[in-house]
Amino acid sequence: MSFELITTRTEGRVGIVTLNRPKQLNALNDQLMNELGQALKGFDDDADIGCMIVTGSEKAFAAGADIGAMAKYTFADVYSGDYITRNWETIRSVRKPVIAAVSGFALGGGCELAMMCDFIIAADNAKFGQPEIKLGIIPGAGGTQRLPRAVGKAKAMDMALTGRMMDATEAERAGLVSRVVPLDKLMDEALGAALMICEYSLPSVMAAKECVNRAFEGGLRVLHAARQWPPADH
Ligand code: DAK
């Protein structure tokens with residue numbers, strides 16, 4: 001498969017996708033997100049792959065959804081075309097683990113993309129933010145859901161309402177990222193974690209991922225109800 005806005009490679013059983021739209025700081029347009037989804041699905045379906053890494057450049061993991069491409073959309077275009085949900089949700093359908101290795105800016109949709117991955121390893125120059133409010137819009141792909149669950153209401157509100165950025169140290173303290181490492185060690189660290197995951201039983205790894213994500217994304221009441229069968233109201 002050939003791609004224009006991403007590159008792919010493998011290291012052992014790890015599939016690595018690098019966002020590659022450097023002049024636009026990896027701004028996420030339809031083509032890039034389609035390619036990313038295809039690459040991740042390809043690795044997910046490949047029996048020789050056990051874990052994936054998504055990364056960007058030193059300056060930017062991704063500076064957000066492509067502002068220029070969005071500018072002309074009306075509400076009707078966005079709703080009827082299933083804008084963003086259409087291709088971004090592919091990432092959440094991948095069953096093997098996906099690690100985000102983040103350096104530089106992870107803003108708006110870029111921060112949301114990182115949060116769609118299973119965990120984030122950050123370089124010490126990483127900056128996270130949901131600056132959509134400065135454009136007169138709101139975070140549309142998890143910034144008002146996954147971010148508060150990751151960092152709590154206070155910091156999520158602060159970021160969504162002021163548009164301020166969080167540096168790597170604060171992001172680790174707040175629980176948004178699992179590890180912070182020097183920039184030149186970022187890929188070694190992410191690869192080390194991914195290779196370790198590849199050593200374990202794949203069905204167990206997939207089940208662990210699914211359980212943590214269900215707990216993180218679902219309501220606790222639903223989880224509790226799932227243990228009762230038949231449901232109380234039947
Ligand atoms: N889109 C398009 N181009 C971008 C971009 C973006 N998000 N971010 C940067 N670029 C481009 C710049 O326009 C510039 O292009 P040229 O002028 O050279 O042609 C180039 O990248 C380099 O940027 P700068 O010259 O600005 O570089 P600096 O180092 O000075 O500043 C910066 C870096 C990251 C602080 C700055 O570029 C910046 O503030 N960028 C915008 C960040 C931002 O606002 N991100 C949020 C975008 S809105 C939805 C779901 C999700 C979303 C919306 C709807 N629905 C389901 C409905 C998501 C929305 C967003 O993500």
# chains A, B, ... in the order shown; residues from 1 in each chain; ligands from 1
>>> residues_near_ligand(ligand="ligand 1", cutoff="8 Å", atoms="only C-alpha atoms and all ligand atoms", output="JSON list (two decimals) with C-alpha atoms, in the first residue's frame")
[["chain", "number", "residue", "atom", "x", "y", "z"],
["A", 22, "PRO", "CA", 5.46, 18.54, 7.88],
["A", 23, "LYS", "CA", 4.69, 21.90, 6.24],
["A", 24, "GLN", "CA", 1.26, 21.93, 7.89],
["A", 25, "LEU", "CA", 2.56, 20.54, 11.21],
["A", 26, "ASN", "CA", 0.70, 17.30, 10.45],
["A", 27, "ALA", "CA", -2.68, 19.05, 10.36],
["A", 28, "LEU", "CA", -5.23, 16.26, 10.01],
["A", 60, "ALA", "CA", 4.42, 18.40, 15.87],
["A", 62, "ALA", "CA", -0.36, 17.01, 14.94],
["A", 63, "ALA", "CA", -1.43, 20.66, 15.24],
["A", 64, "GLY", "CA", -5.11, 19.77, 14.91],
["A", 65, "ALA", "CA", -7.75, 19.17, 12.31],
["A", 66, "ASP", "CA", -6.93, 21.04, 9.11],
["A", 67, "ILE", "CA", -8.35, 24.50, 9.71],
["A", 68, "GLY", "CA", -8.34, 25.48, 6.03],
["A", 69, "ALA", "CA", -10.24, 22.35, 5.00],
["A", 70, "MET", "CA", -12.80, 22.90, 7.77],
["A", 78, "VAL", "CA", -20.58, 18.17, 8.69],
["A", 79, "TYR", "CA", -23.63, 16.31, 9.91],
["A", 82, "ASP", "CA", -20.34, 12.37, 9.12],
["A", 83, "TYR", "CA", -17.28, 14.64, 9.17],
["A", 84, "ILE", "CA", -14.42, 13.35, 11.30],
["A", 85, "THR", "CA", -16.44, 10.54, 12.89],
["A", 105, "PHE", "CA", 2.45, 20.10, 19.41],
["A", 107, "LEU", "CA", -3.35, 20.37, 19.64],
["A", 108, "GLY", "CA", -7.07, 20.17, 18.99],
["A", 109, "GLY", "CA", -7.70, 17.08, 16.88],
["A", 110, "GLY", "CA", -4.02, 16.18, 17.38],
["A", 112, "GLU", "CA", -7.75, 14.00, 20.49],
["A", 130, "GLN", "CA", -7.56, 22.04, 22.96],
["A", 131, "PRO", "CA", -7.38, 25.54, 21.43],
["A", 132, "GLU", "CA", -10.63, 25.22, 19.42],
["A", 134, "LYS", "CA", -9.94, 30.43, 19.97],
["A", 135, "LEU", "CA", -11.48, 29.58, 16.59],
["A", 137, "ILE", "CA", -15.63, 26.12, 17.90],
["A", 138, "ILE", "CA", -15.37, 23.38, 20.52],
["A", 139, "PRO", "CA", -13.34, 20.16, 20.64],
["A", 140, "GLY", "CA", -15.24, 17.66, 18.48],
["A", 141, "ALA", "CA", -13.45, 14.33, 18.73],
["A", 142, "GLY", "CA", -13.03, 13.50, 22.39]]
>>> select_by_dssp(residues="segment 166-212 of chain A", states="strand (DSSP E or B)", output="PyMOL selection string")
chain A and resi 166-167+179-181
>>> write_last_selection(atoms="C-alpha atoms", output="mmCIF file, in the first residue's frame")
data_model
loop_
_atom_site.group_PDB
_atom_site.id
_atom_site.type_symbol
_atom_site.label_atom_id
_atom_site.label_comp_id
_atom_site.auth_asym_id
_atom_site.auth_seq_id
_atom_site.Cartn_x
_atom_site.Cartn_y
_atom_site.Cartn_z
ATOM 1 C CA MET A 166 -0.179 21.834 28.925
ATOM 2 C CA ASP A 167 3.505 20.896 28.833
ATOM 3 C CA ARG A 179 5.797 8.511 30.602
ATOM 4 C CA VAL A 180 7.902 11.539 29.680
ATOM 5 C CA VAL A 181 11.334 11.010 28.173
#
>>> closest_atom_pairs(of="segment 10-59 of chain A", to="segment 197-205 of chain A", cutoff="7 Å", atoms="only C-alpha atoms", output="CSV")
residue,atom,partner,partner_atom,distance
A:Arg13,CA,A:Cys198,CA,6.6
A:Gly50,CA,A:Cys198,CA,4.9
A:Cys51,CA,A:Cys198,CA,6.2
>>> select_by_dssp(residues="segment 2-233 of chain A", states="alpha helix (DSSP H)", output="number ranges by chain")
A: 30-45, 67-71, 75-80, 85-88, 90-93, 109-116, 146-151, 153-162, 168-174, 186-199, 202-217, 220-226
>>> atom_distance(atom1="atom CA of Ile6 of chain A", atom2="atom CA of Arg21 of chain A")
7.4 Å
>>> residues_around(residues="Ala194 of chain A", least_positions_apart="5", cutoff="10 Å", atoms="only C-alpha atoms", output="list of chain:residue names")
A:Glu11, A:Gly12, A:Arg13, A:Val14, A:Gly15, A:Ile16, A:Gly50, A:Cys51, A:Met52, A:Ile53, A:Pro97, A:Val98, A:Ile99, A:Asp188, A:Glu189, A:Glu199
>>> closest_residue(among="A:Val17, A:Ala47, A:Ala101, A:Ala150", to="Leu5 of chain A", atoms="only C-alpha atoms")
A:Val17
>>> residues_around(residues="Lys209 of chain A", least_positions_apart="6", cutoff="9 Å", atoms="only C-alpha atoms", output="JSON, numbers by chain")
{"A": [95, 96, 97, 118]}
>>> write_last_selection(atoms="all heavy atoms", output="short mmCIF file (atom, residue, chain, number, x, y, z; two decimals), in the first residue's frame")
data_model
loop_
_atom_site.label_atom_id
_atom_site.label_comp_id
_atom_site.auth_asym_id
_atom_site.auth_seq_id
_atom_site.Cartn_x
_atom_site.Cartn_y
_atom_site.Cartn_z
N ARG A 95 -7.99 -3.44 17.26
CA ARG A 95 -8.05 -4.26 18.48
C ARG A 95 -6.70 -4.48 19.14
O ARG A 95 -6.63 -4.78 20.32
CB ARG A 95 -8.73 -5.60 18.16
CG ARG A 95 -10.19 -5.40 17.71
CD ARG A 95 -10.87 -6.72 17.49
NE ARG A 95 -11.13 -7.40 18.75
CZ ARG A 95 -11.29 -8.73 18.87
NH1 ARG A 95 -11.18 -9.50 17.81
NH2 ARG A 95 -11.53 -9.28 20.04
N LYS A 96 -5.64 -4.34 18.37
CA LYS A 96 -4.31 -4.48 18.99
C LYS A 96 -3.90 -3.12 19.58
O LYS A 96 -4.40 -2.08 19.14
CB LYS A 96 -3.28 -4.93 17.94
CG LYS A 96 -3.53 -6.34 17.42
CD LYS A 96 -2.63 -6.66 16.25
CE LYS A 96 -3.01 -8.01 15.64
NZ LYS A 96 -2.35 -8.22 14.32
N PRO A 97 -2.99 -3.13 20.55
CA PRO A 97 -2.64 -1.85 21.20
C PRO A 97 -1.98 -0.85 20.24
O PRO A 97 -1.23 -1.24 19.34
CB PRO A 97 -1.63 -2.27 22.27
CG PRO A 97 -1.86 -3.71 22.50
CD PRO A 97 -2.34 -4.27 21.20
N ASP A 118 -4.01 4.02 22.83
CA ASP A 118 -4.23 3.35 24.13
C ASP A 118 -3.44 3.98 25.26
O ASP A 118 -3.89 4.01 26.39
CB ASP A 118 -3.97 1.86 23.99
CG ASP A 118 -4.97 1.27 23.01
OD1 ASP A 118 -6.19 1.48 23.23
OD2 ASP A 118 -4.57 0.67 22.00
#
>>> decode(residues="segment 86-107 of chain A", atoms="C-alpha atoms", output="compact mmCIF listing (two decimals), in the first residue's frame")
# COMPACT_ATOMS: atom_id res chain seq x y z
CA ARG A 86 -16.42 8.83 9.49
CA ASN A 87 -12.69 8.18 9.34
CA TRP A 88 -11.34 9.08 12.80
CA GLU A 89 -13.32 6.35 14.54
CA THR A 90 -11.39 3.72 12.56
CA ILE A 91 -8.61 4.18 15.08
CA ARG A 92 -10.88 3.16 17.91
CA SER A 93 -11.90 -0.02 16.08
CA VAL A 94 -8.33 -1.36 16.02
CA ARG A 95 -8.05 -4.26 18.48
CA LYS A 96 -4.31 -4.48 18.99
CA PRO A 97 -2.64 -1.85 21.20
CA VAL A 98 -1.72 1.52 19.70
CA ILE A 99 0.84 3.72 21.46
CA ALA A 100 1.04 7.44 20.67
CA ALA A 101 4.65 8.67 20.73
CA VAL A 102 4.17 12.42 20.98
CA SER A 103 6.73 15.16 20.49
CA GLY A 104 5.98 18.84 19.88
CA PHE A 105 2.45 20.10 19.41
CA ALA A 106 -0.56 17.83 19.98
CA LEU A 107 -3.35 20.37 19.64
